[in-house]
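Here the structure comes first, spelled out in structure tokens, and everything after it is commentary.
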Amino acid sequence: MTRVGIPHGLFYYYYYPWWKTFFNYLGAEVVCSNPTTRLTVDQGIGAAVDEICFPLKVYFGHVLELKRYELDWIFIPRMVSVEHRSYICPKFMGLPDMIRASIPDLPPIIDITVDVSQSNRILKRDLLQLGKLFTSRESRIREAIKRAREEQNFCDTLASQGYTREEAIQLWEGKATHSFQAPILNLGVLGHGYSLYDAVINMNLINHLRNMGCRLWFPESLDADDVETSAATIPKRVFWTLGRKMVGSAIHLSQQPEIDGIIYLACFGCGPDSLIGEIIERQINDKPYMLLTVDEHSGETGMITRLEAFCDMLLRRKNTGNEDNISAHGQYAYCRQSTI
Ligand code: SF4
């Protein structure tokens, strides 16, 4: 049986059910690398060029793991755009080439270009072409595409119920995952999915917050139309798909009374994050907001300290019901002083 490897990073978090269903239906076995470990990170750093961001370095580590397995193909799509008039970070465009140039002796790479910024037509044609690597029956390829879309929709529905995308994939694969408890705080937690839902890149951020009694709201937990409507309230449209989702989610969450605070996880070396984090900070005036930036040198202890301090501040604010003495937000402190 033909074996296709899929690295457990980057757009795995968004489209793994689609890809896996597609290849499986065409008779291929899908081999996914394991969830990120410290070894994945170290090996990725060793293989990647210094200039790229943390999640891309981790992705290199996943490809190196796959290289050890006997595979016929490795699937590394060239992601350009996943929706009309919007784009993915340009670093994704060169990813298959960067991997080829940095990691020798890999199995052949399937580097189909995903670009639906203008129309779906070319992608459909390329998928039919890709399917011919596995079968000559076009009807079977069309059916594989249809089933892949259905499975992806099902997994997206799971993710909308408060699970991280990684947990939604686990559930989709029939594995048990996290159960929810009554929360003492409601927090919006934002970031690119491949950093936010990777427990090593995010330094266990999600587990720590849940252990502190927080219910977490992710971009996928929100209604997509509400997110788009909120994102459209800023003067210039954000043309990065994920960036716009973050901005819209932050604005929408900031208008919900039950949300106590918002955390944005950024990666050091990420161009879009430096801009999106700043836009969010300027847009949400009514909620406490914390920007956390991680890289391969960050330590989990420092992360826990920041999270505990943030949650303590939110609980104090919630329990006293006002901000008479210590503002939870810089702008309020400034306004208060300026009117004295
Ligand atoms: S958006 Fe940022 S984190 Fe994502 S690939 Fe681009 S530079 Fe890296």
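Chain labels run A, B, ... following the order of the structure tokens; each chain numbers its residues from 1, and ligands are numbered from 1 in the order shown.
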For region 199-309 of chain A versus region 78-98 of chain A, which residues have an atom no more than 10 Å away, and what is each residue's nearest atom pair and distance in Å rounded to one decimal, using only C-alpha atoms, chain-then-number order, as CSV?
```
residue,atom,partner,partner_atom,distance
A:Arg237,CA,A:Ser86,CA,9.7
A:Val238,CA,A:Ser86,CA,8.2
A:Phe239,CA,A:Ser86,CA,4.8
A:Trp240,CA,A:Tyr87,CA,4.9
A:Thr241,CA,A:Ser86,CA,5.5
A:Leu242,CA,A:Ile88,CA,7.3
A:Gly243,CA,A:Ile88,CA,8.9
A:Arg244,CA,A:Ser86,CA,9.1
A:Cys270,CA,A:Cys89,CA,9.4
A:Gly271,CA,A:Cys89,CA,8.8
A:Pro272,CA,A:Cys89,CA,7.5
```
Problem set entry | For region 161-163 of chain A: contacts at 9 Å, only C-alpha atoms, fewer than 5 positions along chain excluded, given as an MDAnalysis selection string | chainID A and resid 168 177:178 180 215:218 220:222
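If you look at CA of Leu71 (chain A) and CA of Tyr15 (chain A), they are 20.5 Å away from each other.
Using only C-alpha atoms for every distance, the candidate list A:Ile201, A:Tyr25, A:Ser195, A:Thr164 yields A:Tyr25 as the residue closest to Thr135 (chain A).
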Exercise. Where in region 62-271 of chain A does DSSP assign helix (DSSP H, G or I), given as a ChimeraX atom specification?
Worked result: /A:62-67,90-92,95-102,121-131,138-159,165-172,193-196,205-211,219-221,224-231,241-254,271
Next, write the just-selected residues to a file, as a tab-separated table (two decimals), in the first residue's frame, keeping C-alpha atoms as the atom set.
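As written to disk, out28.tsv reads:
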```tsv
chain	number	residue	atom	x	y	z
A	62	HIS	CA	8.34	16.82	12.01
A	63	VAL	CA	9.63	16.30	8.47
A	64	LEU	CA	12.85	14.85	9.91
A	65	GLU	CA	10.79	12.40	11.96
A	66	LEU	CA	8.88	11.32	8.85
A	67	LYS	CA	12.16	10.81	7.02
A	90	PRO	CA	4.13	34.23	2.43
A	91	LYS	CA	6.49	31.92	4.32
A	92	PHE	CA	4.17	29.06	3.42
A	95	LEU	CA	7.97	25.91	2.39
A	96	PRO	CA	8.35	22.87	0.08
A	97	ASP	CA	11.42	24.48	-1.51
A	98	MET	CA	12.96	25.32	1.88
A	99	ILE	CA	12.44	21.73	3.02
A	100	ARG	CA	13.96	20.30	-0.17
A	101	ALA	CA	16.97	22.60	0.11
A	102	SER	CA	17.58	21.87	3.81
A	121	ARG	CA	-11.09	26.07	-10.49
A	122	ILE	CA	-7.33	25.50	-10.59
A	123	LEU	CA	-7.27	23.77	-7.23
A	124	LYS	CA	-10.00	21.35	-8.36
A	125	ARG	CA	-8.01	20.58	-11.52
A	126	ASP	CA	-4.82	20.04	-9.47
A	127	LEU	CA	-6.59	17.77	-7.00
A	128	LEU	CA	-7.83	15.59	-9.84
A	129	GLN	CA	-4.27	15.48	-11.11
A	130	LEU	CA	-2.95	14.63	-7.64
A	131	GLY	CA	-5.50	11.83	-7.26
A	138	GLU	CA	-11.70	10.16	-11.89
A	139	SER	CA	-15.07	9.37	-10.30
A	140	ARG	CA	-13.25	7.93	-7.29
A	141	ILE	CA	-11.11	11.06	-6.97
A	142	ARG	CA	-14.22	13.25	-7.09
A	143	GLU	CA	-15.82	11.11	-4.39
A	144	ALA	CA	-12.62	11.38	-2.30
A	145	ILE	CA	-12.82	15.18	-2.51
A	146	LYS	CA	-16.49	15.12	-1.49
A	147	ARG	CA	-15.86	12.85	1.50
A	148	ALA	CA	-12.81	14.86	2.55
A	149	ARG	CA	-14.93	18.01	2.63
A	150	GLU	CA	-17.62	16.28	4.73
A	151	GLU	CA	-15.09	15.00	7.27
A	152	GLN	CA	-13.46	18.41	7.48
A	153	ASN	CA	-16.84	20.03	8.16
A	154	PHE	CA	-17.53	17.50	10.89
A	155	CYS	CA	-14.17	18.21	12.57
A	156	ASP	CA	-14.77	21.97	12.27
A	157	THR	CA	-18.10	21.49	14.05
A	158	LEU	CA	-16.31	19.69	16.88
A	159	ALA	CA	-13.80	22.54	17.12
A	165	ARG	CA	-8.20	22.05	16.97
A	166	GLU	CA	-5.86	19.32	18.21
A	167	GLU	CA	-8.58	18.01	20.54
A	168	ALA	CA	-11.15	18.19	17.74
A	169	ILE	CA	-8.85	16.06	15.56
A	170	GLN	CA	-8.46	13.56	18.43
A	171	LEU	CA	-12.24	13.37	18.79
A	172	TRP	CA	-12.64	13.04	15.05
A	193	GLY	CA	-3.56	27.52	15.29
A	194	TYR	CA	-0.23	25.81	14.68
A	195	SER	CA	1.32	27.64	17.64
A	196	LEU	CA	-1.76	27.96	19.84
A	205	LEU	CA	-0.59	27.40	27.87
A	206	ILE	CA	-3.99	25.78	27.36
A	207	ASN	CA	-3.52	23.08	29.99
A	208	HIS	CA	-2.24	25.58	32.54
A	209	LEU	CA	-5.16	27.92	32.02
A	210	ARG	CA	-7.67	25.10	32.28
A	211	ASN	CA	-6.00	23.86	35.45
A	219	PRO	CA	-11.44	31.67	17.31
A	220	GLU	CA	-13.11	28.40	16.27
A	221	SER	CA	-15.50	28.62	19.25
A	224	ALA	CA	-17.65	32.77	11.75
A	225	ASP	CA	-20.05	35.53	10.62
A	226	ASP	CA	-19.67	37.39	13.92
A	227	VAL	CA	-15.89	37.20	13.54
A	228	GLU	CA	-15.99	38.53	9.97
A	229	THR	CA	-18.41	41.32	10.90
A	230	SER	CA	-16.20	42.41	13.78
A	231	ALA	CA	-13.07	42.24	11.62
A	241	THR	CA	-6.84	34.84	6.57
A	242	LEU	CA	-5.63	33.88	10.04
A	243	GLY	CA	-4.73	37.45	11.04
A	244	ARG	CA	-8.21	38.70	10.16
A	245	LYS	CA	-9.71	35.86	12.16
A	246	MET	CA	-7.65	36.93	15.20
A	247	VAL	CA	-8.61	40.58	14.90
A	248	GLY	CA	-12.30	39.77	14.41
A	249	SER	CA	-12.28	37.28	17.29
A	250	ALA	CA	-10.58	39.76	19.61
A	251	ILE	CA	-13.04	42.55	18.82
A	252	HIS	CA	-16.03	40.23	19.14
A	253	LEU	CA	-14.81	38.73	22.41
A	254	SER	CA	-14.08	42.16	23.84
A	271	GLY	CA	5.94	39.44	10.89
```
Exercise. Any idea what's packed within 9 Å of Leu314 (chain A), counting only C-alpha atoms, ignoring anything in its chain fewer than 6 positions away? Could you give it as a ChimeraX atom specification?
Worked result: /A:185,260-261,288,328
File dump, residues just selected, C-alpha atoms, as a tab-separated table (two decimals), in the first residue's frame:
```tsv
chain	number	residue	atom	x	y	z
A	185	LEU	CA	-12.90	32.82	34.55
A	260	ASP	CA	-12.93	38.39	31.61
A	261	GLY	CA	-9.78	38.85	29.55
A	288	PRO	CA	-7.64	43.15	30.12
A	328	ALA	CA	-6.23	46.33	34.63
```
Problem set entry | Shell of 12 Å around Met303 (chain A), only C-alpha atoms, local chain residues under 3 positions omitted, as a ChimeraX atom specification | /A:201-209,265,290-295,297-300,306-310
Atoms to include: C-alpha atoms. Write the selected residues as a short mmCIF file (atom, residue, chain, number, x, y, z; two decimals), in the first residue's frame.
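Everything below was put into selection.cif:
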```
data_model
loop_
_atom_site.label_atom_id
_atom_site.label_comp_id
_atom_site.auth_asym_id
_atom_site.auth_seq_id
_atom_site.Cartn_x
_atom_site.Cartn_y
_atom_site.Cartn_z
CA ILE A 201 5.17 25.66 21.13
CA ASN A 202 2.53 27.15 23.46
CA MET A 203 4.41 25.94 26.59
CA ASN A 204 1.30 24.13 27.78
CA LEU A 205 -0.59 27.40 27.87
CA ILE A 206 -3.99 25.78 27.36
CA ASN A 207 -3.52 23.08 29.99
CA HIS A 208 -2.24 25.58 32.54
CA LEU A 209 -5.16 27.92 32.02
CA LEU A 265 0.02 34.08 21.76
CA MET A 290 -2.01 40.08 27.56
CA LEU A 291 0.35 39.46 24.65
CA LEU A 292 2.67 36.50 25.14
CA THR A 293 5.58 36.03 22.74
CA VAL A 294 7.32 32.66 22.63
CA ASP A 295 10.34 31.27 20.85
CA HIS A 297 14.32 29.66 24.17
CA SER A 298 11.17 30.39 26.21
CA GLY A 299 10.71 28.50 29.48
CA GLU A 300 7.48 27.06 30.84
CA ARG A 306 2.67 35.32 33.74
CA LEU A 307 -0.55 33.29 33.54
CA GLU A 308 -0.96 33.12 37.32
CA ALA A 309 -0.42 36.86 37.65
CA PHE A 310 -2.93 37.59 34.88
#
```
For this session: Check region 11-122 of chain A with DSSP on the backbone and list each residue it calls strand (DSSP E), as a list in words.
Result: Glu29, Val30, Val31, Cys32, Trp73, Ile74, Phe75, Arg78, Met79, Val80, Ser81, Ile109, Ile110, Thr113, Val114 and Asp115 of chain A
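Among the candidates A:Tyr16, A:Phe134, A:Phe54, A:Tyr69, the residue lying nearest to ligand 1 is A:Phe54 (atoms considered: only C-alpha atoms and all ligand atoms).
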Problem set entry | Proximity to ligand 1 - best of A:Phe11, A:Tyr289, A:Phe23, A:Trp73, only C-alpha atoms and all ligand atoms | A:Phe11
Problem set entry | Nearest-residue call for ligand 1, choices A:Arg3, A:Arg38, A:His192, A:Lys132, using only C-alpha atoms and all ligand atoms | A:His192
Exercise. Which residue gives the smallest distance to Pro77 (chain A) among A:Asp42, A:Asp115, A:Asp198, A:Asp105, with only C-alpha atoms counted?
Worked result: A:Asp115
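Comparing A:Cys311, A:Ile103, A:Ile262, A:Ala182 by their smallest distance to Val49 (chain A), the closest is A:Ile103 (using only C-alpha atoms).
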Problem set entry | Residue neighbourhood region 6-10 of chain A, 7 Å, only C-alpha atoms, exclusion window fewer than 5 positions, as a list in words | Val31, Cys32, Ser33, Asn34, Pro35, Pro55, Tyr59, His62, Val63, Ile74, Phe75 and Tyr194 of chain A
Written file, previous selection with C-alpha atoms, as a tab-separated table (two decimals), in the first residue's frame:
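And here's selection.tsv as it stands now:
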```
chain	number	residue	atom	x	y	z
A	31	VAL	CA	1.44	8.29	8.40
A	32	CYS	CA	1.44	11.36	10.62
A	33	SER	CA	4.44	12.39	12.72
A	34	ASN	CA	3.91	12.36	16.49
A	35	PRO	CA	2.91	15.44	18.47
A	55	PRO	CA	6.46	27.11	14.08
A	59	TYR	CA	7.72	21.77	11.16
A	62	HIS	CA	8.34	16.82	12.01
A	63	VAL	CA	9.63	16.30	8.47
A	74	ILE	CA	5.58	13.38	1.95
A	75	PHE	CA	2.71	15.83	1.71
A	194	TYR	CA	-0.23	25.81	14.68
```
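What separates CA of Cys267 (chain A) from atom 3 (S, counted along the ligand's line) of ligand 1 is a distance of 5.8 Å.
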